[in-house]
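S.K.: To be precise about what I am sending: the file is called data-v9.txt and holds compact mmCIF, C-alpha atoms and all ligand atoms.
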```
# COMPACT_ATOMS: atom_id res chain seq x y z
CA MET A 12 89.05 84.66 98.02
CA SER A 13 86.99 87.72 97.17
CA ASN A 14 85.90 88.91 93.73
CA ALA A 15 85.98 92.55 94.85
CA PRO A 16 88.02 94.85 92.60
CA LEU A 17 91.67 95.14 93.60
CA ASP A 18 92.80 98.20 95.52
CA ARG A 19 95.49 100.38 94.02
CA ARG A 20 98.62 98.93 95.52
CA GLY A 21 101.15 101.46 94.36
CA THR A 22 103.40 102.29 91.46
CA VAL A 23 105.76 99.99 89.55
CA LEU A 24 108.66 101.50 87.63
CA VAL A 25 109.15 99.96 84.17
CA LEU A 26 112.69 100.73 82.99
CA ASN A 27 114.03 100.05 79.50
CA GLY A 28 117.68 100.47 78.64
CA PRO A 29 119.79 101.31 75.61
CA ASN A 30 118.57 100.80 72.05
CA LEU A 31 115.13 99.66 73.15
CA ASP A 32 113.79 102.95 71.79
CA LEU A 33 114.44 101.34 68.38
CA LEU A 34 112.13 98.39 68.99
CA GLY A 35 110.00 97.69 65.95
CA GLU A 36 112.87 98.57 63.59
CA ARG A 37 115.81 96.93 65.32
CA ASP A 38 116.55 93.25 64.58
CA PRO A 39 112.90 92.08 64.45
CA GLU A 40 114.04 88.43 64.22
CA GLN A 41 115.43 88.78 67.73
CA TYR A 42 113.15 91.39 69.27
CA GLY A 43 109.87 91.21 67.33
CA THR A 44 107.99 94.10 65.75
CA THR A 45 106.27 95.55 68.82
CA THR A 46 107.40 99.13 69.44
CA LEU A 47 108.46 100.53 72.80
CA GLY A 48 105.33 102.69 72.82
CA GLU A 49 103.19 99.56 72.39
CA ILE A 50 105.08 97.77 75.17
CA GLU A 51 104.55 100.73 77.51
CA GLN A 52 100.82 100.76 76.67
CA LEU A 53 100.71 97.00 77.32
CA CYS A 54 102.29 97.67 80.73
CA ARG A 55 99.74 100.39 81.52
CA ASP A 56 96.83 98.10 80.52
CA THR A 57 98.26 95.17 82.51
CA ALA A 58 98.86 97.35 85.56
CA GLU A 59 95.30 98.65 85.40
CA ARG A 60 93.98 95.07 85.39
CA LEU A 61 96.19 94.21 88.36
CA GLY A 62 95.28 97.29 90.39
CA LEU A 63 98.74 98.83 89.99
CA GLU A 64 100.08 102.05 88.51
CA VAL A 65 103.13 102.12 86.23
CA ARG A 66 105.73 104.75 85.45
CA CYS A 67 107.68 104.00 82.27
CA LEU A 68 111.11 105.30 81.34
CA GLN A 69 113.58 104.40 78.60
CA SER A 70 117.12 105.73 78.45
CA ASN A 71 120.27 105.05 76.48
CA HIS A 72 122.35 106.42 79.38
CA GLU A 73 123.58 104.36 82.31
CA GLY A 74 123.54 107.29 84.78
CA VAL A 75 119.95 108.20 83.88
CA LEU A 76 118.91 104.61 84.65
CA VAL A 77 120.84 104.71 87.96
CA ASP A 78 119.12 108.00 88.91
CA ALA A 79 115.71 106.54 88.05
CA ILE A 80 116.36 103.55 90.32
CA HIS A 81 117.38 105.92 93.14
CA ASP A 82 114.21 108.03 92.66
CA ALA A 83 112.09 104.88 92.67
CA ARG A 84 113.24 104.13 96.22
CA ARG A 85 110.87 106.89 97.40
CA ASP A 86 107.59 105.96 95.79
CA THR A 87 107.45 102.57 94.06
CA VAL A 88 106.47 99.07 95.19
CA GLY A 89 108.42 97.17 92.53
CA LEU A 90 110.52 97.48 89.39
CA VAL A 91 110.42 95.77 86.00
CA GLY A 92 113.71 96.27 84.19
CA ASN A 93 115.05 95.42 80.77
CA PHE A 94 118.51 96.96 81.05
CA ALA A 95 119.41 95.65 77.59
CA ALA A 96 123.19 95.67 76.97
CA TYR A 97 123.86 97.18 80.44
CA THR A 98 122.52 93.92 81.90
CA HIS A 99 125.79 92.30 80.91
CA THR A 100 128.18 95.10 81.89
CA SER A 101 126.88 97.47 84.53
CA VAL A 102 128.05 97.16 88.12
CA ALA A 103 126.60 100.68 88.64
CA ILE A 104 123.09 99.43 87.83
CA LEU A 105 123.63 96.33 89.99
CA ASP A 106 124.67 98.53 92.93
CA ALA A 107 121.68 100.84 92.47
CA LEU A 108 119.31 97.85 92.35
CA ALA A 109 120.94 96.36 95.45
CA ALA A 110 119.98 99.57 97.30
CA TYR A 111 116.39 99.39 95.98
CA PRO A 112 114.15 97.99 98.70
CA ALA A 113 111.29 96.41 96.68
CA PRO A 114 111.26 93.41 94.28
CA VAL A 115 112.88 93.63 90.85
CA VAL A 116 111.85 91.47 87.88
CA GLU A 117 114.37 91.31 85.04
CA VAL A 118 112.96 91.04 81.52
CA HIS A 119 114.53 90.27 78.15
CA LEU A 120 112.53 90.06 74.95
CA SER A 121 114.90 87.48 73.49
CA ASN A 122 116.11 84.27 75.07
CA VAL A 123 119.54 85.55 76.07
CA HIS A 124 120.63 82.01 76.97
CA ALA A 125 120.27 80.85 73.37
CA ARG A 126 122.46 83.66 71.99
CA GLU A 127 126.09 84.76 72.31
CA GLU A 128 127.94 83.62 75.43
CA PHE A 129 128.37 87.20 76.75
CA ARG A 130 124.57 87.60 76.99
CA ARG A 131 124.36 84.73 79.50
CA GLN A 132 126.10 86.84 82.14
CA SER A 133 123.70 89.20 83.96
CA TYR A 134 124.63 91.49 86.84
CA VAL A 135 120.92 92.29 87.26
CA SER A 136 120.03 88.62 87.92
CA ARG A 137 122.04 88.75 91.14
CA VAL A 138 119.38 90.94 92.73
CA ALA A 139 116.30 90.01 90.68
CA ALA A 140 113.37 88.22 92.31
CA ALA A 141 112.67 86.63 88.91
CA VAL A 142 114.04 86.64 85.36
CA ILE A 143 111.88 86.36 82.24
CA ALA A 144 113.65 85.89 78.92
CA GLY A 145 112.41 84.86 75.49
CA ALA A 146 108.71 85.63 75.93
CA GLY A 147 108.89 88.78 73.76
CA ALA A 148 106.66 91.69 74.73
CA HIS A 149 104.50 89.30 76.78
CA GLY A 150 107.45 89.06 79.19
CA TYR A 151 106.49 92.50 80.55
CA VAL A 152 102.96 91.22 81.28
CA LEU A 153 104.40 88.19 83.08
CA ALA A 154 106.76 90.44 85.06
CA LEU A 155 103.94 92.70 86.26
CA GLU A 156 101.80 89.68 87.12
CA HIS A 157 104.65 88.24 89.16
CA LEU A 158 105.17 91.53 91.01
CA ALA A 159 101.43 91.62 91.81
CA PHE A 160 101.72 88.03 93.07
CA LEU A 161 104.68 88.98 95.30
CA LEU A 162 102.83 92.03 96.61
CA ASP A 163 99.81 89.82 97.45
CA ALA A 164 101.90 87.07 99.01
CA PRO A 165 102.17 88.53 102.54
CA ARG A 166 98.40 88.92 102.63
CA GLU A 167 97.85 85.31 101.57
CA ALA A 168 100.41 83.84 103.98
C1 LIG A 201 117.82 92.36 75.47
C2 LIG A 201 118.99 91.36 75.35
C3 LIG A 201 120.32 92.09 75.48
O1 LIG A 201 121.38 91.15 75.39
C4 LIG A 201 120.48 93.10 74.38
O2 LIG A 201 121.68 93.82 74.54
C5 LIG A 201 119.32 94.01 74.25
C6 LIG A 201 117.96 93.50 74.48
C7 LIG A 201 116.47 91.68 75.21
O3 LIG A 201 115.46 92.30 75.53
O4 LIG A 201 116.41 90.57 74.67
O5 LIG A 201 119.47 95.18 73.89
O6 LIG A 201 117.81 92.86 76.79
```
What do you get writing this file as structure tokens?

M.R.:
Amino acid sequence: MSNAPLDRRGTVLVLNGPNLDLLGERDPEQYGTTTLGEIEQLCRDTAERLGLEVRCLQSNHEGVLVDAIHDARRDTVGLVGNFAAYTHTSVAILDALAAYPAPVVEVHLSNVHAREEFRRQSYVSRVAAAVIAGAGAHGYVLALEHLAFLLDAPREA
């Protein structure tokens, strides 16, 4: 093990889906009071610490999210995605993720397993390397740390 600073290992796409632009105002009991802007800054700070870059995008539109996943095929080494309600409904996002060649970590602020039954079904989980739910905004930190771990793994093997 070396204590040398980490090299830049590439860009991670952080995708947030519908209604997450309302974080901070929307159902704080469920989602906390941290805003999307604060979560994106947390991702940038975490990525910096891990020697990664991040590109952040939020959209309320399924097709915009699909296009972003397609674009990410060209230039990213991993994807952190909170697809919000589309998690539970979108075969289009599942298919786009299935064609994405690098690891995907699925994040939910709330513990979706402790809520309504329909939130327990996730199309995204079928292709996710890991799923983090219920850790609030810290879930994004855990997701980036896990991607960094996966990116390091071949070197450590
Ligand atoms: C969510 C959980 C989803 O069920 C919900 O539709 C959201 C947010 C979460 O982060 O806990 O919009 O993905």

S.K.: Rounded to one decimal, what separation in Å do you get between atom CA of A:Ser136 and atom CA of A:Leu31?

M.R.: 19.1 Å

S.K.: Could you check how far atom CA of A:Ser121 sits from atom CA of A:His157, in Å to one decimal?

M.R.: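 According to the coordinates, atom CA of A:Ser121 and atom CA of A:His157 are separated by 18.7 Å.
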
S.K.: So that I can check the surroundings of A:His149, please list as a PyMOL selection string every protein, DNA and RNA residue that reaches within 12 Å of it, counting all atoms listed in the file and ignoring chain neighbours fewer than 5 positions away.

M.R.: chain A and resi 42-43+45+49-51+53-54+57+118-121+143-144+154-156

S.K.: Just the residues within 7 Å of A:Cys67, please, counting all atoms listed in the file, with nothing from its chain fewer than 5 positions along; format it as a PyMOL selection string.

M.R.: chain A and resi 24-26+51

S.K.: Taking all atoms listed in the file into account, list the residues no farther than 9 Å from ligand LIG 201 (chain A), as number ranges by chain.

M.R.: A: 27-31, 41-42, 93-99, 118-123, 126-127, 129-131, 144-145, 147-148

S.K.: May I have the residues from that selection written out with C-alpha atoms, as a short mmCIF file (atom, residue, chain, number, x, y, z; two decimals), in the frame of the given file?

M.R.:
```cif
data_model
loop_
_atom_site.label_atom_id
_atom_site.label_comp_id
_atom_site.auth_asym_id
_atom_site.auth_seq_id
_atom_site.Cartn_x
_atom_site.Cartn_y
_atom_site.Cartn_z
CA ASN A 27 114.03 100.05 79.50
CA GLY A 28 117.68 100.47 78.64
CA PRO A 29 119.79 101.31 75.61
CA ASN A 30 118.57 100.80 72.05
CA LEU A 31 115.13 99.66 73.15
CA GLN A 41 115.43 88.78 67.73
CA TYR A 42 113.15 91.39 69.27
CA ASN A 93 115.05 95.42 80.77
CA PHE A 94 118.51 96.96 81.05
CA ALA A 95 119.41 95.65 77.59
CA ALA A 96 123.19 95.67 76.97
CA TYR A 97 123.86 97.18 80.44
CA THR A 98 122.52 93.92 81.90
CA HIS A 99 125.79 92.30 80.91
CA VAL A 118 112.96 91.04 81.52
CA HIS A 119 114.53 90.27 78.15
CA LEU A 120 112.53 90.06 74.95
CA SER A 121 114.90 87.48 73.49
CA ASN A 122 116.11 84.27 75.07
CA VAL A 123 119.54 85.55 76.07
CA ARG A 126 122.46 83.66 71.99
CA GLU A 127 126.09 84.76 72.31
CA PHE A 129 128.37 87.20 76.75
CA ARG A 130 124.57 87.60 76.99
CA ARG A 131 124.36 84.73 79.50
CA ALA A 144 113.65 85.89 78.92
CA GLY A 145 112.41 84.86 75.49
CA GLY A 147 108.89 88.78 73.76
CA ALA A 148 106.66 91.69 74.73
#
```

S.K.: Would you mind telling me which residue in A:Val138, A:Leu47, A:Leu90, A:Ala83 lies nearest to A:Leu63 when using all atoms listed in the file?

M.R.: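 That would be A:Leu90, the residue with the smallest distance to A:Leu63.
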
S.K.: Smallest atom-to-atom distance to A:Ile80: which of A:Ala109, A:Gln132, A:Ala139, A:Ala159, using only C-alpha atoms?

M.R.: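 Counting only C-alpha atoms, the residue closest to A:Ile80 is A:Ala109.
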
S.K.: Which distance in Å separates atom CA of A:Glu73 and atom CA of A:Gly89, to one decimal?

M.R.: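 The value is 19.6 Å.
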
S.K.: May I ask which of the residues A:Arg66, A:Val116, A:Asp163, A:Leu105 is the closest one to A:Ser133, counting only C-alpha atoms?

M.R.: A:Leu105

S.K.: Using only C-alpha atoms for the distances, tell me which of A:Val102, A:Val88, A:Pro112, A:His81 is nearest to A:Arg137.

M.R.: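 Looking at the shortest contact to A:Arg137, the residue is A:Val102.
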
S.K.: Which residues are close to A:Ala103, i.e. within 9 Å by all atoms listed in the file, leaving aside same-chain residues fewer than 4 positions away? Reply as a PyMOL selection string.

M.R.: chain A and resi 73-74+77+107-108

S.K.: Using only C-alpha atoms, find the one residue out of A:Ser70, A:Thr44, A:Ser101, A:Gln52 that sits nearest to A:Asp32.

M.R.: A:Ser70

S.K.: Considering only C-alpha atoms, can you say which of A:Glu36, A:Asp82, A:Arg20, A:Ala110 comes closest to A:Arg60?

M.R.: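 Checking each candidate against A:Arg60, we get A:Arg20 as the closest.
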
S.K.: For stretch 128-132 of chain A, take all atoms listed in the file, fit an axis-aligned box around them, add 5 Å to each of the six sides, then output centre and edge lengths in Å rounded to one decimal, as JSON.

M.R.:
```
{"center_x": 126.4, "center_y": 85.6, "center_z": 78.8, "size_x": 14.0, "size_y": 14.0, "size_z": 16.7}
```
